[in-house]
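Quick look at target02.tsv (TSV, C-alpha atoms):
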```
chain	number	residue	atom	x	y	z
A	1	MET	CA	-111.28	101.90	53.58
A	2	GLU	CA	-109.08	100.91	50.68
A	3	THR	CA	-108.97	104.43	49.18
A	4	LYS	CA	-107.79	106.10	52.39
A	5	GLY	CA	-104.11	106.99	52.62
A	6	ASP	CA	-102.13	106.51	55.80
A	7	ASP	CA	-101.94	110.26	56.48
A	8	GLU	CA	-105.47	111.15	55.39
A	9	ILE	CA	-108.11	112.28	57.87
A	10	TRP	CA	-111.73	111.55	57.01
A	11	LEU	CA	-114.97	112.81	58.54
A	12	ILE	CA	-117.68	110.41	57.40
A	13	LYS	CA	-121.45	110.42	57.76
A	14	PHE	CA	-123.21	107.06	57.46
A	15	TYR	CA	-126.86	107.48	56.47
A	16	ALA	CA	-129.91	105.58	55.27
A	17	PRO	CA	-132.13	106.91	52.43
A	18	TRP	CA	-135.28	106.52	54.54
A	19	CYS	CA	-133.84	108.28	57.62
A	20	THR	CA	-135.53	111.65	58.29
A	21	PHE	CA	-132.74	112.88	60.58
A	22	CYS	CA	-130.18	112.07	57.89
A	23	LYS	CA	-132.05	114.23	55.38
A	24	GLN	CA	-132.23	117.09	57.88
A	25	LEU	CA	-128.46	116.86	58.36
A	26	ASP	CA	-127.68	117.05	54.60
A	27	PRO	CA	-127.52	120.88	54.29
A	28	VAL	CA	-125.46	121.11	57.50
A	29	TRP	CA	-123.08	118.46	56.18
A	30	HIS	CA	-122.62	120.36	52.92
A	31	GLN	CA	-121.80	123.55	54.88
A	32	ILE	CA	-119.26	121.68	57.02
A	33	GLY	CA	-117.49	120.29	53.95
A	34	SER	CA	-117.34	123.68	52.24
A	35	GLU	CA	-116.11	125.53	55.34
A	36	LEU	CA	-113.40	123.00	56.22
A	37	LYS	CA	-112.16	123.12	52.63
A	38	SER	CA	-112.11	126.93	52.56
A	39	LEU	CA	-110.15	127.01	55.84
A	40	GLY	CA	-107.51	124.68	54.41
A	41	SER	CA	-108.30	121.95	56.93
A	42	PRO	CA	-106.66	118.54	56.37
A	43	VAL	CA	-110.04	116.90	57.07
A	44	ASN	CA	-111.76	115.26	54.10
A	45	VAL	CA	-115.54	115.17	54.36
A	46	GLY	CA	-117.58	112.31	52.88
A	47	LYS	CA	-120.72	110.27	53.34
A	48	SER	CA	-121.72	106.67	52.76
A	49	ASP	CA	-125.08	104.95	52.26
A	50	ALA	CA	-125.01	102.27	54.96
A	51	THR	CA	-127.80	100.30	53.25
A	52	THR	CA	-125.69	99.96	50.07
A	53	ASN	CA	-122.17	99.80	51.51
A	54	THR	CA	-123.09	97.26	54.16
A	55	GLY	CA	-119.55	95.91	54.41
A	56	LEU	CA	-118.15	99.33	55.27
A	57	ALA	CA	-120.96	100.01	57.75
A	58	LYS	CA	-120.33	96.66	59.40
A	59	GLU	CA	-116.58	97.32	59.56
A	60	PHE	CA	-117.20	100.54	61.49
A	61	ARG	CA	-120.03	99.02	63.57
A	62	VAL	CA	-122.70	101.47	62.48
A	63	ARG	CA	-125.87	100.75	64.47
A	64	SER	CA	-127.87	103.99	64.16
A	65	TYR	CA	-128.35	106.78	61.66
A	66	PRO	CA	-126.93	109.24	61.05
A	67	ALA	CA	-123.60	107.95	62.41
A	68	ILE	CA	-120.70	110.41	62.34
A	69	LEU	CA	-117.12	109.29	62.82
A	70	MET	CA	-113.60	110.41	62.05
A	71	LEU	CA	-110.74	108.23	60.83
A	72	ARG	CA	-107.18	109.25	61.61
A	73	LYS	CA	-104.19	106.91	61.33
A	74	ASP	CA	-106.44	103.83	61.45
A	75	VAL	CA	-108.05	105.07	64.69
A	76	LYS	CA	-111.82	105.58	64.69
A	77	TYR	CA	-113.39	108.39	66.72
A	78	ASN	CA	-117.18	108.37	67.13
A	79	TYR	CA	-119.06	111.64	67.43
A	80	SER	CA	-121.95	111.55	69.92
A	81	GLY	CA	-122.65	115.28	70.34
A	82	PRO	CA	-125.46	117.44	68.96
A	83	ARG	CA	-126.00	117.26	65.21
A	84	THR	CA	-125.21	120.94	64.67
A	85	LYS	CA	-122.66	122.69	62.48
A	86	ASP	CA	-120.76	124.18	65.42
A	87	GLY	CA	-120.70	120.91	67.35
A	88	ILE	CA	-119.43	118.83	64.43
A	89	MET	CA	-116.90	121.48	63.34
A	90	ASP	CA	-115.47	121.66	66.85
A	91	PHE	CA	-115.21	117.86	66.92
A	92	ALA	CA	-113.42	117.79	63.54
A	93	ASN	CA	-110.92	120.51	64.48
A	94	ARG	CA	-110.26	118.94	67.89
A	95	VAL	CA	-109.56	115.44	66.60
A	96	ALA	CA	-107.65	116.58	63.49
A	97	GLY	CA	-105.25	118.73	65.48
A	98	PRO	CA	-102.52	117.70	67.95
A	99	LEU	CA	-103.66	115.46	70.77
A	100	VAL	CA	-101.92	117.74	73.27
A	101	ARG	CA	-101.64	121.42	72.28
A	102	ALA	CA	-98.75	123.45	73.65
A	103	LEU	CA	-99.43	126.81	75.30
A	104	THR	CA	-96.19	128.74	74.92
A	105	SER	CA	-97.19	132.13	76.36
A	106	LEU	CA	-99.50	133.71	78.91
A	107	GLN	CA	-101.51	135.27	76.07
A	108	LEU	CA	-102.15	131.87	74.49
A	109	PHE	CA	-103.13	130.47	77.88
A	110	GLN	CA	-105.63	133.27	78.50
A	111	HIS	CA	-107.03	132.92	74.97
A	112	ALA	CA	-107.59	129.18	75.51
A	113	MET	CA	-109.23	129.90	78.87
A	114	SER	CA	-111.67	132.31	77.23
A	115	ARG	CA	-112.73	129.71	74.65
A	116	HIS	CA	-113.17	126.62	76.82
A	117	ASP	CA	-115.41	126.08	79.82
A	118	VAL	CA	-113.25	123.12	80.92
A	119	MET	CA	-109.53	122.89	80.16
A	120	PHE	CA	-106.99	120.21	81.12
A	121	VAL	CA	-103.34	121.27	81.27
A	122	TYR	CA	-100.21	119.20	81.88
A	123	ILE	CA	-97.51	121.27	83.59
A	124	GLY	CA	-93.90	120.15	83.80
A	125	ALA	CA	-91.23	118.27	81.91
A	126	THR	CA	-91.29	114.76	80.44
A	127	SER	CA	-92.37	112.16	83.02
A	128	PRO	CA	-94.46	108.96	83.40
A	129	LEU	CA	-97.40	111.23	84.28
A	130	LYS	CA	-97.06	112.94	80.89
A	131	GLY	CA	-97.15	109.53	79.19
A	132	ASN	CA	-100.39	108.65	80.98
A	133	TYR	CA	-101.74	112.07	80.09
A	134	SER	CA	-101.02	111.49	76.38
A	135	ILE	CA	-102.70	108.08	76.48
A	136	ALA	CA	-105.80	109.59	78.11
A	137	ALA	CA	-105.80	112.38	75.51
A	138	GLU	CA	-105.80	109.87	72.63
A	139	GLN	CA	-108.86	108.13	74.07
A	140	LEU	CA	-110.80	111.19	75.26
A	141	ILE	CA	-109.96	113.75	72.56
A	142	VAL	CA	-113.50	113.23	71.18
A	143	HIS	CA	-114.85	114.88	74.32
A	144	THR	CA	-112.46	117.67	75.35
A	145	TYR	CA	-109.22	119.52	74.57
A	146	PHE	CA	-105.85	118.75	76.14
A	147	PHE	CA	-103.04	121.27	76.66
A	148	SER	CA	-99.52	121.41	78.05
A	149	ALA	CA	-97.58	124.35	79.43
A	150	SER	CA	-94.53	125.27	81.47
A	151	ARG	CA	-94.85	126.78	84.93
A	152	ASP	CA	-93.87	130.31	83.84
A	153	VAL	CA	-96.76	130.43	81.32
A	154	LEU	CA	-99.44	130.18	84.03
A	155	PRO	CA	-100.89	133.27	85.73
A	156	LYS	CA	-99.26	134.14	89.04
A	157	ALA	CA	-102.53	133.45	90.87
A	158	VAL	CA	-102.25	129.74	89.97
A	159	SER	CA	-100.33	127.92	92.69
A	160	ILE	CA	-99.05	124.42	91.90
A	161	PRO	CA	-97.58	122.61	94.95
A	162	SER	CA	-95.30	120.32	92.95
A	163	LEU	CA	-94.40	119.40	89.38
A	164	PRO	CA	-95.23	117.60	87.17
A	165	ALA	CA	-98.96	118.07	87.59
A	166	VAL	CA	-102.25	117.83	85.71
A	167	VAL	CA	-104.65	120.67	86.41
A	168	VAL	CA	-108.26	121.21	85.32
A	169	PHE	CA	-109.49	124.79	84.97
A	170	LYS	CA	-113.27	125.21	85.22
A	171	ASP	CA	-116.04	127.00	87.11
A	172	GLY	CA	-113.77	130.02	87.61
A	173	THR	CA	-111.19	128.05	89.59
A	174	TYR	CA	-108.79	125.11	89.19
A	175	PHE	CA	-108.13	121.68	90.71
A	176	THR	CA	-104.96	119.59	90.72
A	177	TYR	CA	-105.05	115.85	90.03
A	178	SER	CA	-103.91	113.57	92.87
A	179	GLU	CA	-103.43	109.90	92.09
A	180	GLU	CA	-103.89	108.99	95.75
A	181	SER	CA	-107.30	110.59	96.15
A	182	ASP	CA	-108.56	110.73	92.55
A	183	GLY	CA	-107.54	107.30	91.25
A	184	GLU	CA	-106.70	106.59	87.62
A	185	LEU	CA	-105.94	109.70	85.54
A	186	LYS	CA	-108.21	108.76	82.63
A	187	LEU	CA	-111.19	108.16	84.90
A	188	TRP	CA	-110.58	111.44	86.73
A	189	ILE	CA	-110.49	113.36	83.43
A	190	ASN	CA	-113.69	111.64	82.32
A	191	ARG	CA	-115.41	112.69	85.55
A	192	GLU	CA	-114.15	116.29	85.49
A	193	ARG	CA	-114.71	117.11	81.80
A	194	PHE	CA	-118.05	118.84	82.49
A	195	PRO	CA	-118.72	122.08	84.35
A	196	ASN	CA	-120.05	121.52	87.85
A	197	TYR	CA	-123.18	123.50	86.97
A	198	GLY	CA	-124.68	124.61	83.67
A	199	LYS	CA	-127.32	124.13	81.01
A	200	ILE	CA	-127.74	120.46	80.11
A	201	ASP	CA	-129.30	119.07	76.93
A	202	SER	CA	-130.09	115.46	76.07
A	203	TYR	CA	-126.67	114.84	74.44
A	204	THR	CA	-124.77	116.25	77.41
A	205	LEU	CA	-126.92	114.32	79.87
A	206	TYR	CA	-126.25	111.06	78.02
A	207	ALA	CA	-122.49	111.76	78.03
A	208	MET	CA	-122.60	112.55	81.74
A	209	GLY	CA	-124.03	109.09	82.34
A	210	GLU	CA	-120.79	107.57	81.02
A	211	SER	CA	-118.85	109.20	83.87
A	212	GLY	CA	-120.74	107.21	86.51
A	213	LYS	CA	-121.91	110.36	88.31
A	214	LEU	CA	-125.50	111.22	89.19
A	215	VAL	CA	-127.05	114.39	87.74
A	216	LEU	CA	-129.27	116.73	89.75
A	217	LEU	CA	-131.54	118.49	87.27
A	218	VAL	CA	-134.01	121.29	87.72
A	219	LEU	CA	-136.54	121.21	84.88
A	220	VAL	CA	-137.68	124.64	83.74
A	221	GLU	CA	-139.74	126.12	80.91
A	222	GLU	CA	-138.15	126.55	77.50
A	223	LYS	CA	-139.12	130.24	77.37
A	224	ARG	CA	-140.18	132.89	79.86
A	225	LEU	CA	-139.23	131.23	83.12
A	226	CYS	CA	-141.71	131.66	85.94
A	227	GLU	CA	-140.72	132.88	89.40
A	228	ASP	CA	-140.50	129.33	90.81
A	229	SER	CA	-138.21	128.23	87.96
A	230	LEU	CA	-135.83	131.10	88.60
A	231	ARG	CA	-135.80	130.30	92.31
A	232	TYR	CA	-135.19	126.58	91.70
A	233	LYS	CA	-132.31	127.36	89.30
A	234	GLY	CA	-130.71	129.74	91.76
A	235	LEU	CA	-130.98	127.20	94.57
A	236	VAL	CA	-129.28	124.44	92.55
A	237	GLU	CA	-126.52	126.79	91.38
A	238	LYS	CA	-125.86	127.92	94.97
A	239	VAL	CA	-125.67	124.33	96.28
A	240	ALA	CA	-123.34	123.35	93.40
A	241	ALA	CA	-120.95	126.20	94.27
A	242	ASP	CA	-121.12	126.18	98.08
A	243	TYR	CA	-120.98	122.42	98.59
A	244	ARG	CA	-118.68	121.42	95.73
A	245	GLU	CA	-116.17	119.68	97.98
A	246	ILE	CA	-118.92	117.49	99.44
A	247	TYR	CA	-120.98	116.54	96.40
A	248	SER	CA	-118.84	117.04	93.28
A	249	ARG	CA	-117.45	113.50	93.45
A	250	ASN	CA	-120.97	112.05	93.11
A	251	PHE	CA	-123.07	114.72	91.37
A	252	TYR	CA	-123.28	117.06	88.42
A	253	PHE	CA	-125.68	119.99	88.73
A	254	GLY	CA	-127.62	121.77	86.03
A	255	PHE	CA	-130.91	122.81	84.50
A	256	MET	CA	-132.77	121.49	81.45
A	257	GLU	CA	-135.21	123.50	79.39
A	258	GLY	CA	-138.35	121.49	78.72
A	259	SER	CA	-139.23	118.02	80.00
A	260	ASP	CA	-139.63	115.91	76.84
A	261	TYR	CA	-136.44	113.91	77.39
A	262	ILE	CA	-137.19	113.28	81.07
A	263	ASN	CA	-140.78	112.36	80.23
A	264	GLY	CA	-139.38	109.55	78.09
A	265	LEU	CA	-137.14	108.38	80.92
A	266	VAL	CA	-139.89	108.51	83.57
A	267	MET	CA	-142.57	107.37	81.07
A	268	ASP	CA	-144.95	109.99	82.43
A	269	GLU	CA	-145.59	113.73	82.34
A	270	VAL	CA	-143.16	115.53	84.67
A	271	VAL	CA	-144.25	118.78	86.30
A	272	VAL	CA	-142.26	121.91	85.42
A	273	PRO	CA	-140.48	123.30	87.40
A	274	SER	CA	-139.29	120.33	89.45
A	275	TYR	CA	-136.19	118.51	90.69
A	276	ILE	CA	-134.99	115.07	89.62
A	277	VAL	CA	-131.76	113.11	90.10
A	278	VAL	CA	-130.88	111.00	87.05
A	279	ASN	CA	-128.58	107.98	86.81
A	280	LEU	CA	-128.25	107.24	83.08
A	281	SER	CA	-125.78	104.41	83.66
A	282	SER	CA	-128.82	102.35	84.75
A	283	ASP	CA	-131.68	104.47	83.30
A	284	SER	CA	-132.97	105.10	86.82
A	285	TYR	CA	-134.01	108.26	88.62
A	286	PHE	CA	-134.85	109.67	92.06
A	287	LEU	CA	-137.70	112.04	92.91
A	288	PRO	CA	-137.90	114.16	96.08
A	289	PRO	CA	-140.16	112.54	98.71
A	290	GLY	CA	-141.60	115.95	99.57
A	291	ALA	CA	-141.55	119.61	98.63
A	292	VAL	CA	-138.10	121.15	98.13
A	293	GLU	CA	-138.37	124.82	99.02
A	294	THR	CA	-135.16	125.60	100.88
A	295	GLU	CA	-131.46	124.83	100.68
A	296	ARG	CA	-131.80	122.46	103.63
A	297	HIS	CA	-134.53	120.51	101.84
A	298	LEU	CA	-132.34	120.10	98.76
A	299	LEU	CA	-129.31	119.00	100.79
A	300	ASP	CA	-131.43	116.43	102.65
A	301	PHE	CA	-132.67	115.09	99.31
A	302	LEU	CA	-129.10	114.67	98.01
A	303	ASP	CA	-128.01	112.94	101.22
A	304	LYS	CA	-130.94	110.52	101.04
A	305	VAL	CA	-130.08	109.67	97.43
A	306	LEU	CA	-126.53	108.78	98.48
A	307	ASP	CA	-127.43	106.78	101.61
A	308	GLY	CA	-130.42	104.96	100.10
A	309	GLY	CA	-133.08	106.95	101.94
A	310	VAL	CA	-134.85	107.63	98.63
A	311	GLN	CA	-135.80	104.63	96.53
A	312	SER	CA	-134.52	104.47	92.97
A	313	GLN	CA	-137.18	104.23	90.26
A	314	GLY	CA	-137.04	103.07	86.65
A	315	GLY	CA	-134.04	101.01	85.57
A	316	ASN	CA	-133.31	98.76	82.61
A	317	GLY	CA	-134.76	95.45	83.82
A	318	VAL	CA	-136.95	93.23	81.64
A	319	ALA	CA	-140.22	94.58	83.03
A	320	GLN	CA	-139.08	98.18	82.49
A	321	ARG	CA	-137.99	97.43	78.93
A	322	ILE	CA	-141.39	95.94	78.10
A	323	ARG	CA	-143.12	98.91	79.68
A	324	ARG	CA	-140.86	101.30	77.76
A	325	PHE	CA	-141.66	99.51	74.48
A	326	PHE	CA	-145.39	100.10	74.94
A	327	TYR	CA	-144.79	103.68	76.11
A	328	ASP	CA	-142.67	104.47	73.05
A	329	ALA	CA	-145.31	102.90	70.81
A	330	LYS	CA	-147.98	105.03	72.47
A	331	VAL	CA	-145.94	108.23	72.12
A	332	THR	CA	-145.20	107.45	68.45
A	333	LEU	CA	-148.73	106.47	67.43
A	334	THR	CA	-150.74	109.07	69.36
A	335	PRO	CA	-149.88	111.99	67.03
A	336	VAL	CA	-150.42	109.71	64.02
A	337	PHE	CA	-153.95	108.82	65.17
A	338	SER	CA	-154.74	112.47	65.91
A	339	GLN	CA	-153.53	113.73	62.53
A	340	ALA	CA	-154.27	110.75	60.25
A	341	PRO	CA	-156.65	108.23	61.88
A	342	LEU	CA	-156.81	105.95	58.83
A	343	LEU	CA	-153.02	105.69	58.63
A	344	GLY	CA	-152.86	104.97	62.36
A	345	CYS	CA	-155.44	102.18	62.05
A	346	PHE	CA	-153.48	100.69	59.16
A	347	LEU	CA	-150.15	100.81	61.04
A	348	VAL	CA	-151.70	99.04	64.03
A	349	GLY	CA	-154.16	96.76	62.22
A	350	PHE	CA	-151.90	95.42	59.47
A	351	PRO	CA	-149.26	93.83	61.77
A	352	LEU	CA	-152.03	92.43	63.99
A	353	ALA	CA	-153.79	90.92	60.97
A	354	LEU	CA	-150.56	89.27	59.83
A	355	ALA	CA	-150.00	87.86	63.32
A	356	VAL	CA	-153.56	86.45	63.46
A	357	ILE	CA	-153.22	84.84	60.02
A	358	PHE	CA	-149.86	83.34	60.96
A	359	CYS	CA	-151.28	81.85	64.17
A	360	TYR	CA	-154.30	80.48	62.29
A	361	LEU	CA	-152.11	78.75	59.68
A	362	CYS	CA	-149.91	77.26	62.38
A	363	CYS	CA	-152.91	75.89	64.27
A	364	LYS	CA	-154.47	74.53	61.07
A	365	ALA	CA	-151.27	72.79	59.98
A	366	ARG	CA	-150.78	71.02	63.33
A	367	PRO	CA	-153.84	68.62	63.15
A	368	ALA	CA	-152.99	67.73	59.53
A	369	ALA	CA	-149.50	66.74	60.58
A	370	THR	CA	-150.97	64.66	63.44
A	371	ASP	CA	-153.30	62.77	61.04
A	372	GLU	CA	-150.40	61.97	58.71
A	373	ASP	CA	-148.39	60.61	61.64
A	374	GLU	CA	-151.31	58.37	62.68
A	375	ASP	CA	-151.72	57.03	59.11
A	376	GLY	CA	-148.04	56.26	58.96
A	377	ILE	CA	-148.22	54.35	62.24
A	378	ALA	CA	-151.25	52.38	60.98
A	379	LEU	CA	-149.47	51.42	57.74
A	380	LEU	CA	-146.36	50.54	59.62
A	381	ALA	CA	-148.10	48.23	62.09
A	382	PRO	CA	-148.93	45.30	59.64
A	383	SER	CA	-145.40	45.28	58.29
A	384	VAL	CA	-144.04	45.09	61.80
A	385	GLN	CA	-146.39	42.20	62.55
A	386	HIS	CA	-145.36	40.44	59.27
A	387	HIS	CA	-141.67	40.66	60.17
A	388	ARG	CA	-142.37	39.49	63.68
A	389	LYS	CA	-143.92	36.12	62.62
A	390	PRO	CA	-140.68	34.42	61.39
A	391	ILE	CA	-138.97	35.51	64.56
A	392	ASP	CA	-141.76	33.95	66.62
A	393	LYS	CA	-141.48	30.68	64.64
A	394	LYS	CA	-137.74	30.50	65.21
A	395	SER	CA	-138.21	31.01	68.88
A	396	ASP	CA	-140.82	28.18	68.93
```
Can you give me the file's structure in the form of structure tokens?
Amino acid sequence: METKGDDEIWLIKFYAPWCTFCKQLDPVWHQIGSELKSLGSPVNVGKSDATTNTGLAKEFRVRSYPAILMLRKDVKYNYSGPRTKDGIMDFANRVAGPLVRALTSLQLFQHAMSRHDVMFVYIGATSPLKGNYSIAAEQLIVHTYFFSASRDVLPKAVSIPSLPAVVVFKDGTYFTYSEESDGELKLWINRERFPNYGKIDSYTLYAMGESGKLVLLVLVEEKRLCEDSLRYKGLVEKVAADYREIYSRNFYFGFMEGSDYINGLVMDEVVVPSYIVVNLSSDSYFLPPGAVETERHLLDFLDKVLDGGVQSQGGNGVAQRIRRFFYDAKVTLTPVFSQAPLLGCFLVGFPLALAVIFCYLCCKARPAATDEDEDGIALLAPSVQHHRKPIDKKSD
């Protein structure tokens, strides 16, 4: 952007005039701009019509609407969380602030712990590990907060075997990063930035897919959970806590209210309550081969998923994409036909009519072109014979 200064921070919404979701976001966007301004935030809030400013949209690789991103020191940060005021405000404050926030007292540490379900803290003096931590923070600040502290700031109950260290606090406990067992620091942070168990919505589930882990979901009702739903939730929460050391490297655990999102993934109606293991890195899923009533049943299901005893379903192959296209069309058009049959017939019939007319014109034009080619060959033949006669005489 030519009008952006080097030190300016911009929160931008790219929209299209015809986009319904963009229109729904307008009042929320106005509230965000007013509140950030009243708080004295350095973040400037703006919006851009991607259909008019196509060059700008292309520069920032806008592919869907509404697209929300933040620009800071020529670095672009994409927002992929829920389109809510709280979610976007948290994103703006997180990215606009320091990449690594210093906790200088026990009170500040406890305050940060009370506000964040997952918290990464670098402990120690300057070191190569701190450099890697800062690099990871610059790339992953869109997802989570990063802190630093000295050893005397931590509660006495926190035992760190050696310094420097990177520690994640979550699920009421803490875990120390080990390069030998956990691999690259950035990848470890990306895997550990979610609670081991909790409520999962569609945005969180999609983000979990980027970590490479599988997600064990129990699908429950949106309101007034039945007895089976409560029992299923309790069973998953117990397995997540009791067997964390065994399964946390491969699984997240949680519950999802409603089944609309999973219905789209499975392309069928999913029974509620039920269990499903989702792998969004490949759009595949696993269903239990039998009833899961006890802890042992659930553990056996997880083991079979890991060792290949349960076959993966779905995926993103060509056949699945074609099937998904027709499923999405069905889901989109069914309510249209039920509420406005004439509009539904028009939406389906008009493209089909255009396709039929196009095919008819193509078929009609092909014989005409063939006749012209034959006439040309017939006209060309005498001239060829006329030119051939002198050649024949010379040869004689």
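When all atoms listed in the file are used to measure the gap to Leu205 (chain A), the shortest distance among A:Ala67, A:Ile262, A:Val167, A:Met89 belongs to A:Ile262.
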What is the distance between CA of Leu280 (chain A) and CA of Ser312 (chain A), in Å to one decimal?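 Answer for the CA of Leu280 (chain A) to CA of Ser312 (chain A) separation: 12.0 Å.
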Just want the 7 Å neighbourhood of region 37-53 of chain A, counted on all atoms listed in the file, with same-chain residues fewer than 4 positions away dropped. Output as number ranges by chain. A: 9-16, 33, 57, 96
Which residues come within 8 Å of region 290-304 of chain A, counting all atoms listed in the file, excluding same-chain residues fewer than 3 positions away, as a ChimeraX atom specification? /A:235,239,307-310
Restricting it to C-alpha atoms, dump the selection as a CSV table (one decimal), in the coordinates of the input.
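In the end it all went to out35.csv:
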```
chain,number,residue,atom,x,y,z
A,235,LEU,CA,-131.0,127.2,94.6
A,239,VAL,CA,-125.7,124.3,96.3
A,307,ASP,CA,-127.4,106.8,101.6
A,308,GLY,CA,-130.4,105.0,100.1
A,309,GLY,CA,-133.1,107.0,101.9
A,310,VAL,CA,-134.8,107.6,98.6
```
Kindly extract all protein, DNA and RNA residues lying within 6 Å of the coordinates (-95.9, 124.6, 83.4) given in the file, considering only C-alpha atoms, and supply them as a PyMOL selection string. chain A and resi 123-124+149-151
Dump as a tab-separated table (two decimals), in the coordinates of the input, selection limited to C-alpha atoms:
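Result file follows (part06.tsv):
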```tsv
chain	number	residue	atom	x	y	z
A	123	ILE	CA	-97.51	121.27	83.59
A	124	GLY	CA	-93.90	120.15	83.80
A	149	ALA	CA	-97.58	124.35	79.43
A	150	SER	CA	-94.53	125.27	81.47
A	151	ARG	CA	-94.85	126.78	84.93
```
Expressed in Å to a single decimal, how great is the separation between CA of Lys156 (chain A) and CA of Leu108 (chain A)? 15.0 Å
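CA of Pro17 (chain A) is found 20.7 Å from CA of Pro82 (chain A).
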List as CSV every residue of region 88-202 of chain A that is in contact with region 243-250 of chain A, defined as an atom at most 12 Å from one of its atoms (using only C-alpha atoms), together with the nearest atom pair and the distance in Å rounded to one decimal, sorted by chain and then rising number.
```
residue,atom,partner,partner_atom,distance
A:Asp171,CA,A:Arg244,CA,10.6
A:Thr173,CA,A:Arg244,CA,11.7
A:Phe175,CA,A:Glu245,CA,11.0
A:Ser181,CA,A:Arg249,CA,10.9
A:Asp182,CA,A:Arg249,CA,9.4
A:Gly183,CA,A:Arg249,CA,11.9
A:Leu187,CA,A:Arg249,CA,11.9
A:Trp188,CA,A:Arg249,CA,9.8
A:Asn190,CA,A:Arg249,CA,11.9
A:Arg191,CA,A:Arg249,CA,8.2
A:Glu192,CA,A:Arg249,CA,9.1
A:Phe194,CA,A:Ser248,CA,11.0
A:Pro195,CA,A:Ser248,CA,10.3
A:Asn196,CA,A:Ser248,CA,7.1
A:Tyr197,CA,A:Ser248,CA,10.0
```
When you count all atoms listed in the file, which of these residues is closest to Lys186 (chain A): A:Glu227, A:Ala137, A:Val215, A:Leu154?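 Counting all atoms listed in the file, the residue closest to Lys186 (chain A) is A:Ala137.
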Just checking: using all atoms listed in the file, which residue out of A:Arg101, A:Lys76, A:Lys85, A:Lys170 ends up closest to Gln139 (chain A)? A:Lys76
Given the choices A:Gly254, A:Ile141, A:Met70, A:Ser159, which gets closest to Val236 (chain A) if the distance is worked out from all atoms listed in the file?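 Between A:Gly254, A:Ile141, A:Met70, A:Ser159, the residue approaching Val236 (chain A) most closely is A:Gly254.
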